[in-house]
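Working notes for the structure below.
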Amino acid sequence: MSFFQEGPELPNTWLGDAFIQRFAKVELDDASDELFLELGQLAQRMHIRQIEEAHHQPRLTNWDAWGNRIDDIQLSPVWQTAKKITADYKLIASGYSQGRTKQMLMNYLVQGSLDIYSCPLAMTDGAATCLLRSQNEELIERAVPHLLGRPGIESWTSGQWMTERPGGSDVSKSETVAKLENGTWQLWGDKWFTSATTSEMALALAKTSETELTLFYVETRRPDGSLNNIRINRLKEKFGTRSVPTAELTLDGTKATPVAGVGSGTKLISPMLHVTRMWNSVMSATLMRKLTLLSKDYSKKRTAFGKVIGEIPAHKVLISKLELATRSATLLGLRSGALLDTPLARVATGIAKLHTARQAVDTAAWAMESFGGAGYIENTGIPRVVADIHVLPIWEGTTNVLSADVARSLGSKETVELLSDEWRKQLTTPPEMTRHLAVHQDILKRAMRVFSVNLARGISTEHAYPIAKQCGLIWQACLLSRFAGLTKHPSDVAAFQQFVDHELSVKELLPFQSSEILSE
């Protein structure tokens, strides 16, 4: 009889992840095991639907049968279900009532199986934070209950319309203009890369003068359901995140309201970006965990050279590295959420976003390889996750853009002192664990001293990413140390030790002579 390989199955993401169970036990007052179990089951079921319904992608219909412009986008069934899951489990509102750690842990368990529905949720969460901080009571009353999904109120998601043809992160190049006509602001221009185009509202940047950017609140539809002078020109054809309806828009007199007065654009964007970057880092960990769970399961089913591949020493090392990367990314991502309302928010979310995203891309490549040729076959679902992961270093600021922002933050003596205090706090160890952790903590402290030397020399442009990466590695090592001290679990102690031995390479930085390499 011919052989047919059994494919990997995703377990319940709560029951199958002993690490995250220990995390919940030591970090949450209310572990909410029943809730987490339900979300884990949902992730398991939705993963199967993801694969079975992969052919369902967003579809744009510009015209109806009679020639009327309708610009209607049909979403995938998985996304339609994801909207209901968000409302049912309060995946946004919980961040404002139960704390960021629990909220992001809930999303960590389920979002890996919801076709990047985390994209509109991140922007929705960011919009809610932005509006609440704007102190614009009229907009807060109008929109925030919808964004948080309050009981008895229709749930909304929010878009984030910043990118235009001249620039993405460099919003100073925006060409969209706002004009005040008969007491109403109208937006005119093109938005080149708008995700969550089907959202009920959006926050959009527009110029109110040659040099002045203002952040506007836009409801995408009028009360009668027609679009608010918005034309959806086409959906983007992307390498990954294909379930996300990313579109090119024309704003043709779109009615809008300044969020907090004219000229307050870039100032208001910052807290919103902190939230979306936190989401990005936790979603990096979520997708890493998904691939790691699938790889672990497959390693118990696939045989080679007379044994299951999970027993082959080289493959054991591969799986262990996937696990270690996932744990370190998870701790850093969740920590960035805990710091969201502190003076460290900017540097924490920036470091977490850029570092975990790069980890995720590297982890995805190794995870795909762990399945052999099957990992390269589209309908196994593996390539889809790998492709989706590649958006993470790009969205909400590329690695170089964020590294430059982190470098600016670390130019502040106050920020560096706060960061040092944060690291020292993580290295506080229960007496009974000192002998297990002390040797590697000493290595970590030496790495911290080298990092300080590098900072003291000043951060040049070419060193912005190496410094940011060093910062991320040290922070992850500190968090792994703290976690091992709290749980006292042999696996967590080993994770800290192995991370310090094999991942924590912090050296004094030398100039990178790019001009010589590119001199040809």
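In the structure tokens, the first chain shown is A, the next is B, and so on; residue numbers restart at 1 for each chain, and ligands run from 1 in the order shown.
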
Selection near range 58-72 of chain A, 6 Å with only C-alpha atoms, sequence-local residues under 2 positions removed, as a PyMOL selection string: chain A and resi 74-76+232+245

Can you spit out the residues from that selection as an mmCIF file, in the first residue's frame, using N, CA, C and O atoms?
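The result, written out as selection_28.cif:
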```
data_model
loop_
_atom_site.group_PDB
_atom_site.id
_atom_site.type_symbol
_atom_site.label_atom_id
_atom_site.label_comp_id
_atom_site.auth_asym_id
_atom_site.auth_seq_id
_atom_site.Cartn_x
_atom_site.Cartn_y
_atom_site.Cartn_z
ATOM 1 N N GLN A 74 -16.095 42.721 -0.910
ATOM 2 C CA GLN A 74 -16.561 41.510 -0.234
ATOM 3 C C GLN A 74 -15.390 40.890 0.526
ATOM 4 O O GLN A 74 -14.330 40.660 -0.041
ATOM 5 N N LEU A 75 -15.589 40.630 1.814
ATOM 6 C CA LEU A 75 -14.537 40.078 2.652
ATOM 7 C C LEU A 75 -14.605 38.561 2.704
ATOM 8 O O LEU A 75 -15.626 37.961 2.390
ATOM 9 N N SER A 76 -13.509 37.938 3.141
ATOM 10 C CA SER A 76 -13.481 36.483 3.264
ATOM 11 C C SER A 76 -14.374 36.041 4.417
ATOM 12 O O SER A 76 -14.593 36.793 5.378
ATOM 13 N N ILE A 232 -12.728 53.854 -4.253
ATOM 14 C CA ILE A 232 -11.783 52.750 -4.065
ATOM 15 C C ILE A 232 -11.296 52.342 -5.460
ATOM 16 O O ILE A 232 -12.035 51.730 -6.234
ATOM 17 N N PRO A 245 -7.978 43.632 3.019
ATOM 18 C CA PRO A 245 -8.359 44.441 1.854
ATOM 19 C C PRO A 245 -7.592 45.760 1.811
ATOM 20 O O PRO A 245 -8.068 46.794 2.284
#
```

List every residue of range 81-124 of chain A that has an atom at most 12 Å from any atom of range 328-336 of chain A, giving for each one its closest atom pair and the distance in Å to one decimal, counting only C-alpha atoms, sorted by chain and then by ascending residue number, as a Markdown table.
```
| residue | atom | partner | partner_atom | distance |
| --- | --- | --- | --- | --- |
| A:Gly99 | CA | A:Leu334 | CA | 11.2 |
| A:Arg100 | CA | A:Leu334 | CA | 8.0 |
| A:Thr101 | CA | A:Leu334 | CA | 6.0 |
| A:Lys102 | CA | A:Leu334 | CA | 9.1 |
| A:Gln103 | CA | A:Leu334 | CA | 9.6 |
| A:Met104 | CA | A:Leu334 | CA | 6.8 |
| A:Leu105 | CA | A:Leu334 | CA | 7.6 |
| A:Met106 | CA | A:Leu334 | CA | 11.1 |
| A:Asn107 | CA | A:Leu334 | CA | 10.9 |
| A:Tyr108 | CA | A:Thr330 | CA | 8.7 |
| A:Leu109 | CA | A:Thr330 | CA | 11.3 |
```

Output of the above residues as a short mmCIF file (atom, residue, chain, number, x, y, z; two decimals), in the first residue's frame, restricted to C-alpha atoms:
```
data_model
loop_
_atom_site.label_atom_id
_atom_site.label_comp_id
_atom_site.auth_asym_id
_atom_site.auth_seq_id
_atom_site.Cartn_x
_atom_site.Cartn_y
_atom_site.Cartn_z
CA GLY A 99 -5.05 45.66 31.27
CA ARG A 100 -2.81 45.33 28.26
CA THR A 101 -1.11 42.11 29.31
CA LYS A 102 -4.33 40.12 29.50
CA GLN A 103 -5.71 41.72 26.33
CA MET A 104 -2.63 40.88 24.28
CA LEU A 105 -2.43 37.39 25.74
CA MET A 106 -6.00 36.79 24.56
CA ASN A 107 -5.09 37.98 21.08
CA TYR A 108 -1.84 36.00 21.13
CA LEU A 109 -3.86 32.81 21.54
#
```

Do a neighbour search on Phe451 in chain A at 8 Å with only C-alpha atoms, toss out local chain neighbours closer than 5 positions, and write the hits as a compact mmCIF listing (two decimals) with N, CA, C and O atoms, in the first residue's frame.
```txt
# COMPACT_ATOMS: atom_id res chain seq x y z
N ILE A 467 22.63 48.94 17.27
CA ILE A 467 22.34 49.36 18.65
C ILE A 467 20.94 48.89 19.06
O ILE A 467 20.73 48.38 20.17
N GLN A 470 21.01 45.18 19.67
CA GLN A 470 21.65 44.89 20.95
C GLN A 470 20.69 45.16 22.10
O GLN A 470 20.58 44.38 23.05
N CYS A 471 19.98 46.28 22.00
CA CYS A 471 19.01 46.64 23.03
C CYS A 471 17.93 45.57 23.16
O CYS A 471 17.56 45.15 24.26
N VAL A 506 26.86 40.73 22.10
CA VAL A 506 26.90 42.20 22.11
C VAL A 506 28.36 42.63 22.09
O VAL A 506 29.10 42.41 23.04
N LYS A 507 28.77 43.24 21.00
CA LYS A 507 30.17 43.64 20.81
C LYS A 507 30.26 45.15 20.66
O LYS A 507 29.29 45.82 20.34
N GLU A 508 31.46 45.65 20.87
CA GLU A 508 31.69 47.06 20.57
C GLU A 508 31.58 47.25 19.06
O GLU A 508 32.07 46.43 18.28
```

Contact residues around Phe496 in chain A with only C-alpha atoms at 7 Å, ignoring same-chain residues under 4 positions, as a ChimeraX atom specification: /A:477,480-481,492,500

Kindly provide the residues of range 264-356 of chain A that approach range 36-52 of chain A to within 12 Å, each paired with its closest atom pair and their distance in Å to one decimal, based on only C-alpha atoms, listed by chain and increasing number, as JSON lines.
```
{"residue": "A:Thr286", "atom": "CA", "partner": "A:Ala43", "partner_atom": "CA", "distance": 11.0}
{"residue": "A:Leu287", "atom": "CA", "partner": "A:Ala43", "partner_atom": "CA", "distance": 11.7}
{"residue": "A:Arg289", "atom": "CA", "partner": "A:Ala43", "partner_atom": "CA", "distance": 12.0}
{"residue": "A:Lys290", "atom": "CA", "partner": "A:His47", "partner_atom": "CA", "distance": 9.7}
{"residue": "A:Leu291", "atom": "CA", "partner": "A:His47", "partner_atom": "CA", "distance": 11.7}
{"residue": "A:Leu293", "atom": "CA", "partner": "A:Gln44", "partner_atom": "CA", "distance": 11.2}
{"residue": "A:Leu294", "atom": "CA", "partner": "A:His47", "partner_atom": "CA", "distance": 10.9}
```

Preceding selection exported with N, CA and C atoms as a JSON list (two decimals), in the first residue's frame:
```
[["chain", "number", "residue", "atom", "x", "y", "z"],
["A", 286, "THR", "N", 2.94, 35.64, 17.96],
["A", 286, "THR", "CA", 1.80, 34.75, 17.69],
["A", 286, "THR", "C", 2.06, 33.85, 16.49],
["A", 287, "LEU", "N", 2.54, 34.44, 15.40],
["A", 287, "LEU", "CA", 2.78, 33.64, 14.20],
["A", 287, "LEU", "C", 4.00, 32.74, 14.36],
["A", 289, "ARG", "N", 4.75, 31.36, 17.23],
["A", 289, "ARG", "CA", 4.22, 30.25, 18.03],
["A", 289, "ARG", "C", 3.43, 29.28, 17.17],
["A", 290, "LYS", "N", 2.65, 29.80, 16.23],
["A", 290, "LYS", "CA", 1.88, 28.91, 15.38],
["A", 290, "LYS", "C", 2.80, 27.99, 14.58],
["A", 291, "LEU", "N", 3.81, 28.55, 13.96],
["A", 291, "LEU", "CA", 4.74, 27.73, 13.18],
["A", 291, "LEU", "C", 5.49, 26.75, 14.07],
["A", 293, "LEU", "N", 4.41, 25.38, 16.93],
["A", 293, "LEU", "CA", 3.50, 24.30, 17.30],
["A", 293, "LEU", "C", 3.30, 23.32, 16.16],
["A", 294, "LEU", "N", 3.14, 23.84, 14.95],
["A", 294, "LEU", "CA", 2.97, 22.95, 13.79],
["A", 294, "LEU", "C", 4.24, 22.15, 13.54]]
```

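Relative to CA of Glu369 in chain A, CA of Ser403 in chain A is found at 29.2 Å.
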
What lies within 10 Å of Gln21 in chain A using only C-alpha atoms, ignoring chain neighbours under 6 positions off, as a compact mmCIF listing (two decimals) with N, CA and C atoms, in the first residue's frame?
```txt
# COMPACT_ATOMS: atom_id res chain seq x y z
N TRP A 14 -3.77 27.15 23.72
CA TRP A 14 -3.57 27.30 25.16
C TRP A 14 -3.02 26.01 25.75
N LEU A 15 -3.68 24.90 25.48
CA LEU A 15 -3.23 23.62 26.04
C LEU A 15 -1.90 23.18 25.46
N ALA A 31 -6.02 34.34 36.11
CA ALA A 31 -5.45 33.57 35.00
C ALA A 31 -6.47 33.26 33.91
N ASP A 33 -8.33 30.67 33.00
CA ASP A 33 -8.03 29.47 32.22
C ASP A 33 -9.16 29.08 31.27
N PHE A 36 -9.11 31.36 28.24
CA PHE A 36 -7.96 31.06 27.38
C PHE A 36 -8.15 29.72 26.66
```

Glu212 in chain A environment, 9 Å, only C-alpha atoms, sequence neighbours closer than 6 positions dropped, as a compact mmCIF listing (two decimals) with C-alpha atoms, in the first residue's frame:
```txt
# COMPACT_ATOMS: atom_id res chain seq x y z
CA SER A 172 5.91 65.31 5.49
CA ALA A 206 -3.94 65.95 5.35
CA VAL A 262 -5.56 72.23 13.07
CA GLY A 263 -1.85 71.42 12.84
CA SER A 264 -1.72 68.69 15.49
CA GLY A 265 -1.08 65.80 13.09
```

Sel. of helix (DSSP H, G or I) residues, range 269-486 of chain A, as JSON, numbers by chain: {"A": [269, 270, 271, 272, 273, 274, 275, 276, 277, 278, 279, 280, 281, 282, 283, 284, 285, 286, 287, 288, 289, 290, 291, 292, 293, 294, 295, 296, 297, 298, 299, 309, 310, 311, 313, 314, 315, 316, 317, 318, 319, 320, 321, 322, 323, 324, 325, 326, 327, 328, 329, 330, 331, 332, 333, 334, 335, 336, 337, 338, 345, 346, 347, 348, 349, 350, 351, 352, 353, 354, 355, 356, 357, 358, 359, 360, 361, 362, 363, 364, 365, 366, 367, 368, 369, 370, 372, 373, 374, 375, 376, 378, 379, 380, 382, 383, 384, 385, 386, 387, 388, 389, 399, 400, 401, 402, 403, 404, 405, 406, 407, 408, 409, 410, 413, 414, 415, 416, 417, 418, 419, 420, 421, 422, 423, 424, 425, 426, 431, 432, 433, 434, 435, 436, 437, 438, 439, 440, 441, 442, 443, 444, 445, 446, 447, 448, 449, 450, 451, 452, 453, 454, 455, 456, 461, 462, 463, 464, 465, 466, 467, 468, 469, 470, 471, 472, 473, 474, 475, 476, 477, 478, 479, 480, 481, 482, 483, 484, 485, 486]}

Exercise: Leu121 in chain A partners within 10 Å, only C-alpha atoms, chain neighbours under 2 positions left out, as a ChimeraX atom specification: /A:83,86,91-92,107,116-119,123-127,147,156-159,196,276,279

Those same residues, written as a CSV table (one decimal), in the first residue's frame with N, CA, C and O atoms?
```csv
chain,number,residue,atom,x,y,z
A,83,LYS,N,-14.7,39.2,13.0
A,83,LYS,CA,-15.3,40.4,13.5
A,83,LYS,C,-16.2,40.0,14.7
A,83,LYS,O,-16.3,40.7,15.7
A,86,THR,N,-14.2,39.1,17.7
A,86,THR,CA,-13.6,40.3,18.4
A,86,THR,C,-14.7,40.9,19.3
A,86,THR,O,-14.3,41.3,20.5
A,91,LEU,N,-11.9,41.7,22.4
A,91,LEU,CA,-10.5,41.7,22.1
A,91,LEU,C,-9.8,43.1,22.0
A,91,LEU,O,-8.6,43.2,22.1
A,92,ILE,N,-10.6,44.1,21.9
A,92,ILE,CA,-10.1,45.5,22.0
A,92,ILE,C,-10.5,46.1,23.4
A,92,ILE,O,-9.6,46.6,24.1
A,107,ASN,N,-5.3,37.9,22.5
A,107,ASN,CA,-5.1,38.0,21.1
A,107,ASN,C,-4.0,37.1,20.6
A,107,ASN,O,-4.0,36.5,19.5
A,116,ILE,N,-4.8,37.5,9.7
A,116,ILE,CA,-4.3,38.9,9.9
A,116,ILE,C,-5.5,39.9,10.2
A,116,ILE,O,-5.4,41.0,9.8
A,117,TYR,N,-6.5,39.4,10.8
A,117,TYR,CA,-7.5,40.4,11.3
A,117,TYR,C,-6.9,41.3,12.4
A,117,TYR,O,-7.5,42.3,12.7
A,118,SER,N,-5.8,40.9,12.9
A,118,SER,CA,-5.1,41.7,13.8
A,118,SER,C,-4.7,43.1,13.2
A,118,SER,O,-4.5,44.1,14.0
A,119,CYS,N,-4.7,43.2,11.9
A,119,CYS,CA,-4.3,44.4,11.2
A,119,CYS,C,-5.4,45.5,11.5
A,119,CYS,O,-5.0,46.6,12.1
A,123,MET,N,-5.2,48.9,14.4
A,123,MET,CA,-5.5,50.3,14.0
A,123,MET,C,-6.7,50.8,14.8
A,123,MET,O,-6.8,52.0,15.2
A,124,THR,N,-7.6,49.9,15.1
A,124,THR,CA,-8.8,50.2,15.9
A,124,THR,C,-8.4,50.6,17.3
A,124,THR,O,-8.8,51.6,17.9
A,125,ASP,N,-7.5,49.8,17.9
A,125,ASP,CA,-7.0,50.0,19.2
A,125,ASP,C,-6.2,51.3,19.3
A,125,ASP,O,-6.4,52.2,20.2
A,126,GLY,N,-5.4,51.5,18.2
A,126,GLY,CA,-4.6,52.8,18.1
A,126,GLY,C,-5.5,54.0,18.0
A,126,GLY,O,-5.3,55.1,18.6
A,127,ALA,N,-6.6,53.9,17.2
A,127,ALA,CA,-7.5,55.0,17.0
A,127,ALA,C,-8.3,55.3,18.3
A,127,ALA,O,-8.4,56.5,18.7
A,147,LEU,N,-15.7,51.6,18.8
A,147,LEU,CA,-14.4,51.0,18.7
A,147,LEU,C,-14.1,50.0,19.7
A,147,LEU,O,-13.4,49.0,19.5
A,156,TRP,N,-17.2,48.8,15.6
A,156,TRP,CA,-16.5,49.4,14.5
A,156,TRP,C,-15.0,49.0,14.5
A,156,TRP,O,-14.5,48.6,15.5
A,157,THR,N,-14.4,49.0,13.3
A,157,THR,CA,-13.0,49.0,13.2
A,157,THR,C,-12.6,50.3,12.5
A,157,THR,O,-13.4,51.1,12.0
A,158,SER,N,-11.3,50.6,12.6
A,158,SER,CA,-10.8,51.9,12.1
A,158,SER,C,-9.6,51.6,11.2
A,158,SER,O,-8.8,50.8,11.4
A,159,GLY,N,-9.6,52.4,10.1
A,159,GLY,CA,-8.4,52.4,9.2
A,159,GLY,C,-7.4,53.5,9.6
A,159,GLY,O,-7.7,54.3,10.5
A,196,ALA,N,-7.5,47.8,5.9
A,196,ALA,CA,-8.8,47.8,6.6
A,196,ALA,C,-9.7,48.8,5.9
A,196,ALA,O,-10.4,49.6,6.5
A,276,THR,N,0.0,50.4,17.8
A,276,THR,CA,0.0,49.5,16.7
A,276,THR,C,1.4,48.8,16.6
A,276,THR,O,1.4,47.6,16.2
A,279,TRP,N,1.1,45.9,19.0
A,279,TRP,CA,0.3,44.8,18.3
A,279,TRP,C,1.2,44.0,17.4
A,279,TRP,O,1.2,42.8,17.3
```

Secondary structure check, strand (DSSP E or B) residues of range 252-379 of chain A, as number ranges by chain: A: 252-258, 303-304, 307-308

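Take the candidates A:Ser2, A:Ser270, A:Thr81, A:Thr254 and check each one against Ser134 in chain A using only C-alpha atoms; the shortest distance goes to A:Ser270.
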